[in-house]
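Peer 1: Provided below: work.txt, containing compact mmCIF, C-alpha atoms.
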# COMPACT_ATOMS: atom_id res chain seq x y z
CA MET X 86 64.55 78.71 73.68
CA LYS X 87 66.22 75.31 73.42
CA SER X 88 68.85 76.48 75.91
CA LEU X 89 66.15 77.44 78.40
CA LEU X 90 64.36 74.12 77.89
CA LEU X 91 67.59 72.17 78.45
CA SER X 92 68.26 74.07 81.66
CA VAL X 93 64.72 73.41 82.90
CA LEU X 94 64.95 69.70 82.08
CA PHE X 95 68.38 69.47 83.70
CA LEU X 96 67.19 71.08 86.94
CA SER X 97 63.90 69.18 86.92
CA ALA X 98 65.70 65.87 86.66
CA LEU X 99 67.71 66.76 89.73
CA ALA X 100 64.90 68.34 91.73
CA GLY X 101 63.63 65.13 93.22
CA ALA X 102 67.05 63.76 94.06
CA SER X 103 68.37 66.02 96.84
CA ALA X 104 70.04 68.27 94.29
CA VAL X 105 71.51 71.70 94.76
CA ASN X 106 72.08 74.03 91.81
CA VAL X 107 74.63 76.80 92.43
CA PRO X 108 74.71 79.75 89.98
CA ALA X 109 78.04 80.65 88.44
CA PHE X 110 77.59 84.29 89.49
CA THR X 111 78.22 83.17 93.09
CA ALA X 112 81.61 81.66 92.20
CA TYR X 113 85.04 83.26 92.54
CA ILE X 114 87.77 83.60 89.96
CA GLU X 115 91.18 82.44 91.17
CA PRO X 116 93.90 83.54 91.26
CA ASP X 117 92.97 86.88 89.62
CA PRO X 118 89.37 87.89 90.40
CA GLU X 119 89.39 90.55 87.67
CA ALA X 120 90.60 88.27 84.87
CA LEU X 121 87.13 87.10 83.77
CA GLU X 122 83.78 88.80 83.33
CA MET X 123 81.13 88.05 85.97
CA SER X 124 77.43 88.76 85.40
CA SER X 125 74.44 88.19 87.68
CA ARG X 126 72.52 87.10 84.57
CA GLY X 127 75.09 85.29 82.46
CA GLY X 128 77.43 83.92 85.11
CA VAL X 129 81.12 83.67 84.17
CA ARG X 130 81.76 84.83 80.61
CA GLY X 131 84.70 85.30 78.25
CA TRP X 132 86.70 82.41 79.72
CA ASN X 133 89.59 81.34 77.53
CA ILE X 134 92.44 81.58 80.04
CA THR X 135 93.74 78.31 81.43
CA GLU X 136 95.52 80.09 84.27
CA GLN X 137 92.21 81.24 85.80
CA HIS X 138 89.81 78.90 87.59
CA VAL X 139 86.13 79.13 88.50
CA VAL X 140 85.68 78.18 92.15
CA TRP X 141 82.62 77.49 94.31
CA TYR X 142 82.66 77.09 98.10
CA GLY X 143 79.99 75.19 100.01
CA GLN X 144 79.32 73.96 103.51
CA PHE X 145 78.30 70.36 104.12
CA THR X 146 76.76 68.92 107.25
CA ASN X 147 76.67 65.40 105.76
CA ALA X 148 79.66 63.38 104.62
CA GLY X 149 79.14 61.05 101.69
CA SER X 150 79.08 60.91 97.92
CA LEU X 151 77.64 63.24 95.30
CA THR X 152 77.70 63.64 91.56
CA ALA X 153 78.70 66.95 90.01
CA SER X 154 77.73 68.56 86.71
CA VAL X 155 78.38 72.00 85.22
CA GLU X 156 76.12 73.84 82.80
CA LEU X 157 78.06 75.93 80.29
CA SER X 158 78.17 77.10 76.70
CA LEU X 159 80.90 77.42 74.07
CA PRO X 160 81.03 78.07 70.32
CA ALA X 161 79.18 75.64 68.06
CA GLY X 162 81.46 72.80 67.01
CA ALA X 163 84.22 73.79 69.44
CA GLU X 164 85.49 71.09 71.77
CA ALA X 165 87.02 71.85 75.15
CA GLN X 166 88.44 69.83 77.98
CA PHE X 167 87.47 70.69 81.56
CA LYS X 168 88.63 69.47 84.95
CA LEU X 169 86.66 69.58 88.19
CA THR X 170 88.42 69.01 91.49
CA ALA X 171 86.64 68.42 94.81
CA GLY X 172 87.15 66.22 97.86
CA GLY X 173 90.65 65.22 96.77
CA ARG X 174 89.51 63.89 93.37
CA THR X 175 89.87 65.39 89.90
CA SER X 176 87.63 64.42 87.00
CA GLU X 177 88.26 65.46 83.39
CA VAL X 178 85.65 65.54 80.63
CA SER X 179 85.41 66.74 77.04
CA VAL X 180 82.49 68.91 75.92
CA LYS X 181 81.41 69.93 72.41
CA GLY X 182 79.87 73.36 72.00
CA ALA X 183 76.37 74.16 70.74
CA GLY X 184 76.65 77.92 70.34
CA GLN X 185 74.15 79.78 72.50
CA GLU X 186 72.61 76.51 73.68
CA SER X 187 73.72 75.11 77.02
CA VAL X 188 75.63 71.89 77.31
CA ILE X 189 76.19 69.80 80.43
CA ALA X 190 79.63 68.63 81.53
CA ARG X 191 79.10 65.59 83.76
CA PHE X 192 82.05 64.91 86.03
CA GLY X 193 80.75 61.90 87.90
CA GLU X 194 81.04 61.05 91.58
CA PHE X 195 82.99 62.80 94.31
CA LYS X 196 83.36 62.08 98.02
CA ILE X 197 82.85 64.57 100.83
CA ALA X 198 84.95 62.94 103.54
CA GLU X 199 83.67 64.95 106.49
CA ALA X 200 81.30 67.74 107.43
CA GLY X 201 82.62 71.24 106.85
CA PHE X 202 83.51 73.54 103.97
CA ALA X 203 84.41 72.13 100.56
CA LYS X 204 85.85 73.70 97.43
CA PHE X 205 84.89 72.92 93.82
CA VAL X 206 87.51 74.05 91.27
CA LEU X 207 86.64 74.13 87.57
CA GLU X 208 89.61 74.38 85.17
CA LEU X 209 89.90 74.84 81.43
CA VAL X 210 92.60 72.40 80.28
CA ALA X 211 93.57 74.22 77.05
CA PRO X 212 92.54 77.51 75.43
CA LEU X 213 89.87 77.38 72.73
CA LYS X 214 91.18 78.08 69.25
CA GLN X 215 88.36 80.59 68.82
CA GLY X 216 85.70 82.07 71.05
CA SER X 217 85.30 81.55 74.77
CA VAL X 218 83.39 79.64 77.44
CA SER X 219 80.47 80.82 79.56
CA VAL X 220 79.76 79.01 82.83
CA ARG X 221 76.20 79.09 84.16
CA SER X 222 75.93 76.77 87.16
CA LEU X 223 77.24 73.89 89.22
CA ALA X 224 74.77 71.09 90.05
CA LEU X 225 75.32 68.57 92.86
CA GLU X 226 73.21 65.51 93.57
CA GLY X 227 73.49 62.79 96.18
CA PRO X 228 73.51 62.08 99.93
CA ALA X 229 76.18 64.67 100.75
CA SER X 230 74.24 67.45 99.00
CA THR X 231 71.04 66.89 101.00
CA THR X 232 71.76 69.72 103.45
CA ALA X 233 74.57 71.48 101.59
CA HIS X 234 74.70 75.26 102.00
CA PHE X 235 75.95 77.68 99.34
CA ASN X 236 75.54 81.41 98.98
CA MET X 237 72.96 81.76 96.20
CA LYS X 238 73.05 85.54 95.77
CA PRO X 239 75.13 87.72 93.40
CA ARG X 240 76.61 89.58 96.38
CA ARG X 241 79.83 87.69 97.09
CA ASN X 242 81.16 89.87 99.93
CA ALA X 243 81.96 88.15 103.18
CA ALA X 244 79.47 89.07 105.91
CA SER X 245 80.24 92.22 107.89
CA VAL X 246 80.84 91.41 111.57
CA HIS X 247 80.68 93.56 114.71
CA LEU X 248 81.65 93.77 118.36
CA ALA X 249 79.27 95.69 120.60
CA TYR X 250 80.70 96.97 123.88
CA PRO X 251 78.15 97.25 126.71
CA VAL X 252 78.47 100.34 128.92
CA PRO X 253 75.98 101.94 131.33
CA ALA X 254 73.46 103.97 129.35
CA VAL X 255 73.70 107.05 131.57
CA THR X 256 77.50 107.28 131.44
CA ASN X 257 79.03 110.51 130.09
CA ILE X 258 81.76 108.98 127.91
CA ASP X 259 84.10 111.61 126.56
CA GLN X 260 86.91 109.32 125.31
CA ALA X 261 87.30 105.79 123.92
CA TYR X 262 90.44 103.79 123.25
CA CYS X 263 91.02 100.59 121.24
CA GLU X 264 93.93 98.69 119.71
CA VAL X 265 93.64 96.67 116.50
CA THR X 266 96.07 94.20 114.98
CA ALA X 267 95.33 92.92 111.48
CA VAL X 268 96.01 89.20 111.03
CA ASP X 269 94.98 89.00 107.35
CA GLU X 270 95.39 91.60 104.63
CA PRO X 271 93.09 91.10 101.62
CA VAL X 272 92.30 94.29 99.74
CA TYR X 273 88.81 95.77 100.20
CA THR X 274 89.01 95.34 103.97
CA PHE X 275 88.11 97.87 106.66
CA TYR X 276 89.09 97.02 110.22
CA MET X 277 87.17 99.57 112.29
CA ALA X 278 88.40 100.18 115.84
CA CYS X 279 86.28 102.92 117.40
CA GLY X 280 82.69 103.19 116.29
CA TRP X 281 79.99 105.19 118.02
CA ASN X 282 76.54 106.59 117.29
CA ARG X 283 77.87 109.38 115.03
CA GLY X 284 80.88 107.93 113.25
CA TYR X 285 83.70 105.45 112.81
CA PHE X 286 87.49 105.32 113.10
CA GLY X 287 89.78 102.60 111.79
CA MET X 288 92.14 101.31 109.10
CA GLN X 289 91.50 100.18 105.55
CA ILE X 290 93.23 98.26 102.75
CA ASN X 291 92.31 99.91 99.47
CA SER X 292 94.79 98.27 97.10
CA PRO X 293 98.12 96.41 97.18
CA THR X 294 99.84 99.80 97.28
CA GLU X 295 97.44 101.92 99.36
CA ARG X 296 96.24 101.73 102.95
CA ARG X 297 94.40 104.36 104.97
CA ILE X 298 93.60 105.52 108.47
CA ILE X 299 89.96 106.70 108.27
CA PHE X 300 87.92 108.97 110.53
CA SER X 301 84.37 109.94 109.51
CA VAL X 302 81.40 111.61 111.22
CA TRP X 303 77.78 111.51 110.08
CA ASP X 304 75.61 114.55 109.44
CA SER X 305 72.33 115.06 111.25
CA GLY X 306 69.09 114.35 109.43
CA ASN X 307 67.98 111.34 107.42
CA GLU X 308 69.58 111.83 103.99
CA ALA X 309 71.08 108.47 102.96
CA VAL X 310 72.75 109.22 99.63
CA ASP X 311 73.49 112.78 98.51
CA ARG X 312 75.16 115.25 100.87
CA LYS X 313 74.13 118.14 98.61
CA LYS X 314 70.57 117.56 99.79
CA VAL X 315 71.48 118.04 103.48
CA SER X 316 70.49 121.40 104.94
CA ALA X 317 73.24 123.65 106.27
CA GLU X 318 72.14 123.29 109.88
CA ASP X 319 72.53 119.49 109.63
CA LEU X 320 76.05 119.40 108.17
CA VAL X 321 79.07 118.48 110.26
CA THR X 322 81.92 120.95 109.79
CA LEU X 323 85.66 120.38 109.84
CA LYS X 324 87.46 121.94 112.81
CA GLY X 325 90.96 120.71 112.09
CA LYS X 326 93.03 117.91 110.61
CA GLY X 327 96.54 116.50 110.75
CA GLU X 328 99.39 116.88 108.30
CA GLY X 329 98.82 114.96 105.07
CA VAL X 330 95.19 114.18 105.91
CA TYR X 331 92.57 114.45 103.16
CA SER X 332 89.11 115.68 104.13
CA GLY X 333 85.88 115.78 102.19
CA ASP X 334 82.34 114.44 101.96
CA PHE X 335 80.83 110.98 101.89
CA GLY X 336 77.41 109.62 100.96
CA ASN X 337 75.51 106.46 100.04
CA GLU X 338 75.65 105.16 103.63
CA GLY X 339 74.18 108.22 105.23
CA THR X 340 76.17 111.40 104.64
CA GLY X 341 78.86 113.22 106.52
CA GLY X 342 82.41 114.46 106.75
CA HIS X 343 85.18 112.05 105.76
CA SER X 344 88.92 112.15 106.35
CA HIS X 345 91.79 109.76 105.74
CA LEU X 346 95.55 109.55 105.94
CA LYS X 347 97.28 107.40 103.35
CA TYR X 348 99.72 105.31 105.34
CA MET X 349 101.02 101.77 104.75
CA TRP X 350 100.28 100.44 108.20
CA LYS X 351 101.60 96.93 108.71
CA THR X 352 99.70 93.70 109.13
CA GLY X 353 100.67 92.12 112.44
CA GLU X 354 101.56 95.50 113.97
CA LYS X 355 99.29 96.92 116.67
CA GLN X 356 97.50 100.13 115.70
CA ARG X 357 96.23 102.45 118.45
CA PHE X 358 93.09 104.60 118.16
CA TRP X 359 91.88 107.32 120.52
CA LEU X 360 88.49 109.02 120.15
CA LYS X 361 87.44 112.18 122.00
CA ALA X 362 84.11 114.00 122.39
CA GLU X 363 83.80 117.58 123.62
CA VAL X 364 80.38 119.11 124.34
CA PRO X 365 80.72 122.91 124.07
CA ASP X 366 76.95 123.49 124.26
CA PRO X 367 73.71 121.46 124.43
CA THR X 368 73.31 121.36 120.65
CA HIS X 369 76.78 120.44 119.34
CA THR X 370 79.54 117.91 119.94
CA ILE X 371 83.11 118.07 118.62
CA TYR X 372 84.42 114.61 117.73
CA SER X 373 88.17 114.13 117.25
CA GLY X 374 90.11 111.06 116.15
CA TYR X 375 93.76 110.55 117.10
CA TRP X 376 96.00 107.75 115.82
CA PHE X 377 99.40 106.76 117.20
CA HIS X 378 101.97 107.05 114.41
CA PRO X 379 104.20 103.92 114.60
CA GLU X 380 107.27 105.60 113.12
CA LYS X 381 107.03 109.01 114.74
CA LYS X 382 106.05 107.41 118.08
CA GLU X 383 103.50 110.12 118.80
CA TRP X 384 99.78 110.75 118.59
CA MET X 385 98.56 112.68 115.58
CA LEU X 386 95.20 114.23 114.85
CA ILE X 387 93.45 112.65 111.89
CA SER X 388 90.59 115.14 112.01
CA SER X 389 88.11 116.94 114.24
CA TRP X 390 84.46 117.65 113.32
CA LYS X 391 81.72 119.75 114.89
CA ALA X 392 78.44 117.83 114.76
CA PRO X 393 75.11 119.67 115.03
CA LYS X 394 72.05 118.41 116.86
CA ALA X 395 74.23 116.28 119.09
CA GLY X 396 75.16 117.91 122.39
CA SER X 397 75.88 114.53 123.91
CA TYR X 398 78.76 112.23 124.76
CA LEU X 399 79.79 109.00 123.03
CA ARG X 400 77.16 106.28 122.77
CA GLY X 401 76.93 102.85 121.16
CA LEU X 402 80.63 101.96 121.31
CA HIS X 403 81.55 99.17 118.91
CA SER X 404 84.11 97.78 116.47
CA PHE X 405 83.63 95.95 113.20
CA SER X 406 85.26 94.37 110.17
CA GLU X 407 83.95 94.86 106.64
CA ASN X 408 84.67 93.39 103.22
CA PHE X 409 83.60 96.19 100.87
CA GLY X 410 84.44 94.45 97.55
CA GLY X 411 82.96 91.09 96.58
CA ASP X 412 85.54 89.95 94.03
CA ASN X 413 87.66 88.51 96.82
CA GLY X 414 84.96 87.81 99.39
CA HIS X 415 86.21 84.23 99.61
CA LEU X 416 89.38 85.36 101.39
CA ARG X 417 89.48 85.41 105.17
CA ARG X 418 89.58 88.67 107.10
CA LYS X 419 90.73 88.45 110.69
CA ALA X 420 91.86 91.06 113.20
CA LEU X 421 92.49 91.24 116.94
CA TYR X 422 90.66 93.92 118.94
CA GLY X 423 92.09 94.51 122.37
CA ASN X 424 92.70 96.77 125.33
CA GLN X 425 89.40 98.63 125.00
CA TRP X 426 88.69 101.42 127.50
CA TYR X 427 86.27 104.29 127.89
CA HIS X 428 86.80 107.49 129.85
CA THR X 429 84.05 109.40 131.64
CA SER X 430 83.64 113.11 132.13
CA ASP X 431 84.47 112.70 135.84
CA GLY X 432 88.02 111.70 134.90
CA LYS X 433 87.93 107.91 135.21
CA TRP X 434 89.10 105.23 132.78
CA ASN X 435 86.98 102.05 132.65
CA GLU X 436 88.13 98.84 130.99
CA ILE X 437 85.81 97.01 128.57
CA LEU X 438 86.05 93.26 129.09
CA THR X 439 82.85 92.05 127.41
CA ALA X 440 81.71 92.19 123.81
CA SER X 441 78.77 90.68 121.93
CA PHE X 442 78.80 89.44 118.34
CA SER X 443 76.58 90.58 115.50
CA HIS X 444 76.60 90.54 111.71
CA ASP X 445 74.85 92.08 108.73
CA ALA X 446 72.05 90.53 106.66
CA THR X 447 74.56 88.59 104.56
CA GLY X 448 75.69 86.76 107.68
CA ARG X 449 72.13 85.75 108.57
CA GLY X 450 71.80 83.01 105.97
CA ASP X 451 74.00 83.62 102.92
CA ARG X 452 77.51 83.53 104.38
CA LEU X 453 77.99 81.49 107.54
CA ASP X 454 81.78 81.73 107.64
CA ARG X 455 81.76 84.45 110.31
CA PHE X 456 82.48 84.36 114.03
CA MET X 457 84.31 85.96 116.94
CA GLY X 458 86.26 84.72 119.93
CA VAL X 459 89.09 85.49 122.34
CA GLU X 460 92.72 84.91 121.40
CA GLY X 461 95.84 86.02 123.23
CA GLY X 462 93.76 88.06 125.66
CA GLN X 463 92.01 89.97 122.86
CA PHE X 464 88.74 89.67 121.01
CA PHE X 465 88.99 88.66 117.37
CA LEU X 466 86.63 88.93 114.44
CA SER X 467 86.86 86.51 111.51
CA HIS X 468 84.80 86.54 108.33
CA GLY X 469 85.25 85.03 104.90
CA GLY X 470 87.69 82.31 103.98
CA PHE X 471 85.20 79.44 104.38
CA VAL X 472 87.10 78.29 107.44
CA PRO X 473 85.77 76.39 110.48
CA GLY X 474 84.22 78.47 113.24
CA PHE X 475 80.77 79.76 114.06
CA CYS X 476 78.91 81.71 116.72
CA ASN X 477 75.40 83.03 117.00
CA PHE X 478 74.17 86.58 116.69
CA GLY X 479 74.24 88.05 120.18
CA ASP X 480 76.76 85.62 121.68
CA LYS X 481 78.84 87.31 124.40
CA PHE X 482 82.55 86.85 125.07
CA THR X 483 84.83 88.06 127.85
CA ARG X 484 88.52 88.82 127.58
CA PRO X 485 91.00 88.95 130.49
CA SER X 486 91.90 92.32 131.96
CA SER X 487 95.10 93.98 130.79
CA GLY X 488 95.25 95.83 134.10
CA ALA X 489 96.82 98.93 132.57
CA GLU X 490 94.70 101.90 131.58
CA PRO X 491 95.78 103.95 128.54
CA SER X 492 98.77 106.17 129.18
CA GLY X 493 100.73 108.69 127.18
CA LEU X 494 97.64 110.12 125.50
CA VAL X 495 99.29 113.45 124.84
CA ILE X 496 98.96 115.49 121.68
CA LYS X 497 102.07 117.25 120.45
CA VAL X 498 101.24 120.91 119.86
CA PRO X 499 103.33 122.63 117.13
Let me see the structure of the file written as structure tokens.
Peer 2:
Amino acid sequence: MKSLLLSVLFLSALAGASAVNVPAFTAYIEPDPEALEMSSRGGVRGWNITEQHVVWYGQFTNAGSLTASVELSLPAGAEAQFKLTAGGRTSEVSVKGAGQESVIARFGEFKIAEAGFAKFVLELVAPLKQGSVSVRSLALEGPASTTAHFNMKPRRNAASVHLAYPVPAVTNIDQAYCEVTAVDEPVYTFYMACGWNRGYFGMQINSPTERRIIFSVWDSGNEAVDRKKVSAEDLVTLKGKGEGVYSGDFGNEGTGGHSHLKYMWKTGEKQRFWLKAEVPDPTHTIYSGYWFHPEKKEWMLISSWKAPKAGSYLRGLHSFSENFGGDNGHLRRKALYGNQWYHTSDGKWNEILTASFSHDATGRGDRLDRFMGVEGGQFFLSHGGFVPGFCNFGDKFTRPSSGAEPSGLVIKVP
């Protein structure tokens, strides 16, 4: 009860002074995000490792001074030394523990030299002889904090970002082509090249030792979670897949047929994706994803799926980039998306030169470090990293023409 009262008094004292209170559950652990326990209720817990730091990132529109304090708890009678670094200054204070009751480490004044993103790094100077530290919040007060922006939610993923490619609505698109070059390579990243109304096709970083080429197609119907609940007439069915490709089900984001090839594609190396749609009858469409193997120098089938209740060509062409794990949502994801084309059923290739930007709900107000642009004649998407750059939802960009339609789209038949 005393801990709660102290927290209330601490926040109340700051409330009238342009204060911002940032929960510890929004922070990141550096350099190893899995080294400490993170809880949406308790914040950072079990901290007794000097090599790991608790880090907050914020965006400031005002330069100026602020004072910084951290609410934490440590064993009764224990004394610990903490350092807080921000704006080029480091302040060190000693704190004595009060058991389950909160204590406040007051680090004094810091300077925010200019508008932009700033980093607040909390360090434990020496391990406790017994027990551990829990960190609950960072509090900032002063002129610079007046309009400061921090993510205040437990979800620490970078915003998902998208490129929408405008094409005439009545066009019978039976093929789409896109090239993607990863610039950054944090794990838990999916750079999606060819998206359409029934599926997605791209490349993913699952771990330091595993990367994938992914092709998935959604079932019909409205089941969002469990594919076992989808009726037989609504299920997509596998028609074929390439050598070494895994195929199975997916759920929890709609349901459908999933496939992936484990392949250590290289950051900085262009990856080529080719999507085809065949309409054998008015009620079905066969969607096939082909990827150009960089070593074999040939196109290979990832998988092909027959989708019911479709009977139509490709619609809603788009690309996106997703951070699907929040532990490292503070790291930048960036990829180049270029040389986009679509092919119509009358045999013509058409180059896509315009794309518009969009983002998920996280990008609306929680994470503003997300934007797109044109670089080296290609579109790029950037999200995470707390780096300069911003554009609005719906902003349109145009890239220069490559002048060369896709060639060599030939499948080797065994």
Peer 1: For X:Val210, work out the shell of residues within 8 Å, counting all atoms listed in the file and skipping chain neighbours fewer than 3 positions away, then give it as a VMD selection string.
Peer 2: chain X and resid 135 165 to 168
Peer 1: I'd like to know which of X:Ala420, X:Ile496, X:Val302, X:Val218 is closest to X:Ala267, using all atoms listed in the file.
Peer 2: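 So, comparing all the options, the nearest one is X:Ala420.
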Peer 1: Excluding X:Cys263 and residues on its chain fewer than 4 positions from it, collect all residues at most 10 Å away from it, counting only C-alpha atoms, and give them as number ranges by chain.
Peer 2: X: 277-279, 287, 356-360, 403-404, 422-427, 437, 491
Peer 1: Give me, as number ranges by chain, all polymer residues having an atom no more than 7 Å from X:Asp412, counting all atoms listed in the file and skipping those fewer than 6 positions away in the same chain.
Peer 2: X: 113, 118, 241
Peer 1: Which of these, X:Arg191, X:Phe442, X:Asn307, X:Thr231, has the shortest distance to X:Asn337 once you count all atoms listed in the file?
Peer 2: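 For X:Asn337, the nearest of the given residues is X:Asn307.
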Peer 1: Atom CA of X:Ser124 and atom CA of X:Asn413 are how many Å apart?
Peer 2: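 The value is 15.3 Å.
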Peer 1: Restricting the calculation to all atoms listed in the file, which member of X:Lys324, X:Arg452, X:His428, X:His468 is positioned closest to X:Leu402?
Peer 2: X:His428
Peer 1: List the neighbours of X:Lys313 out to 10 Å using all atoms listed in the file; skip same-chain residues closer than 4 positions along the sequence, and give me the result as a PyMOL selection string.
Peer 2: chain X and resi 308+317+320+334+336+340
Peer 1: Axis-aligned box over every listed atom of stretch 435-449 of chain X, padded by 8 Å per side: centre and edges in Å to one decimal, as AutoDock Vina command-line options?
Peer 2:
--center_x 80.1 --center_y 93.9 --center_z 118.6 --size_x 32.1 --size_y 32.3 --size_z 44.1
Peer 1: Provide the atom CA of X:Phe482 to atom CA of X:Arg417 distance in Å, to one decimal place.
Peer 2: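 We find that atom CA of X:Phe482 and atom CA of X:Arg417 lie 21.1 Å from each other.
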Peer 1: Could you work out how far atom CA of X:Val330 lies from atom CA of X:Asn291, giving the answer in Å with one decimal?
Peer 2: 15.9 Å
Peer 1: Find the residues around X:His345 up to 6 Å (only C-alpha atoms counted), leave out those fewer than 4 positions away in its own chain, and share them as a PyMOL selection string.
Peer 2: chain X and resi 298-299+330-331
Peer 1: Could you check which of X:Ala183, X:Arg174, X:Tyr276, X:Glu270 is closest to X:Ile197, using all atoms listed in the file?
Peer 2: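 Under the stated criterion, the closest residue is X:Arg174.
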Peer 1: Considering all atoms listed in the file, can you say which of X:Val364, X:Ala148, X:Val220, X:Ala153 comes closest to X:Ser176?
Peer 2: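 When distances to X:Ser176 are compared using all atoms listed in the file, the smallest one comes from X:Ala153.
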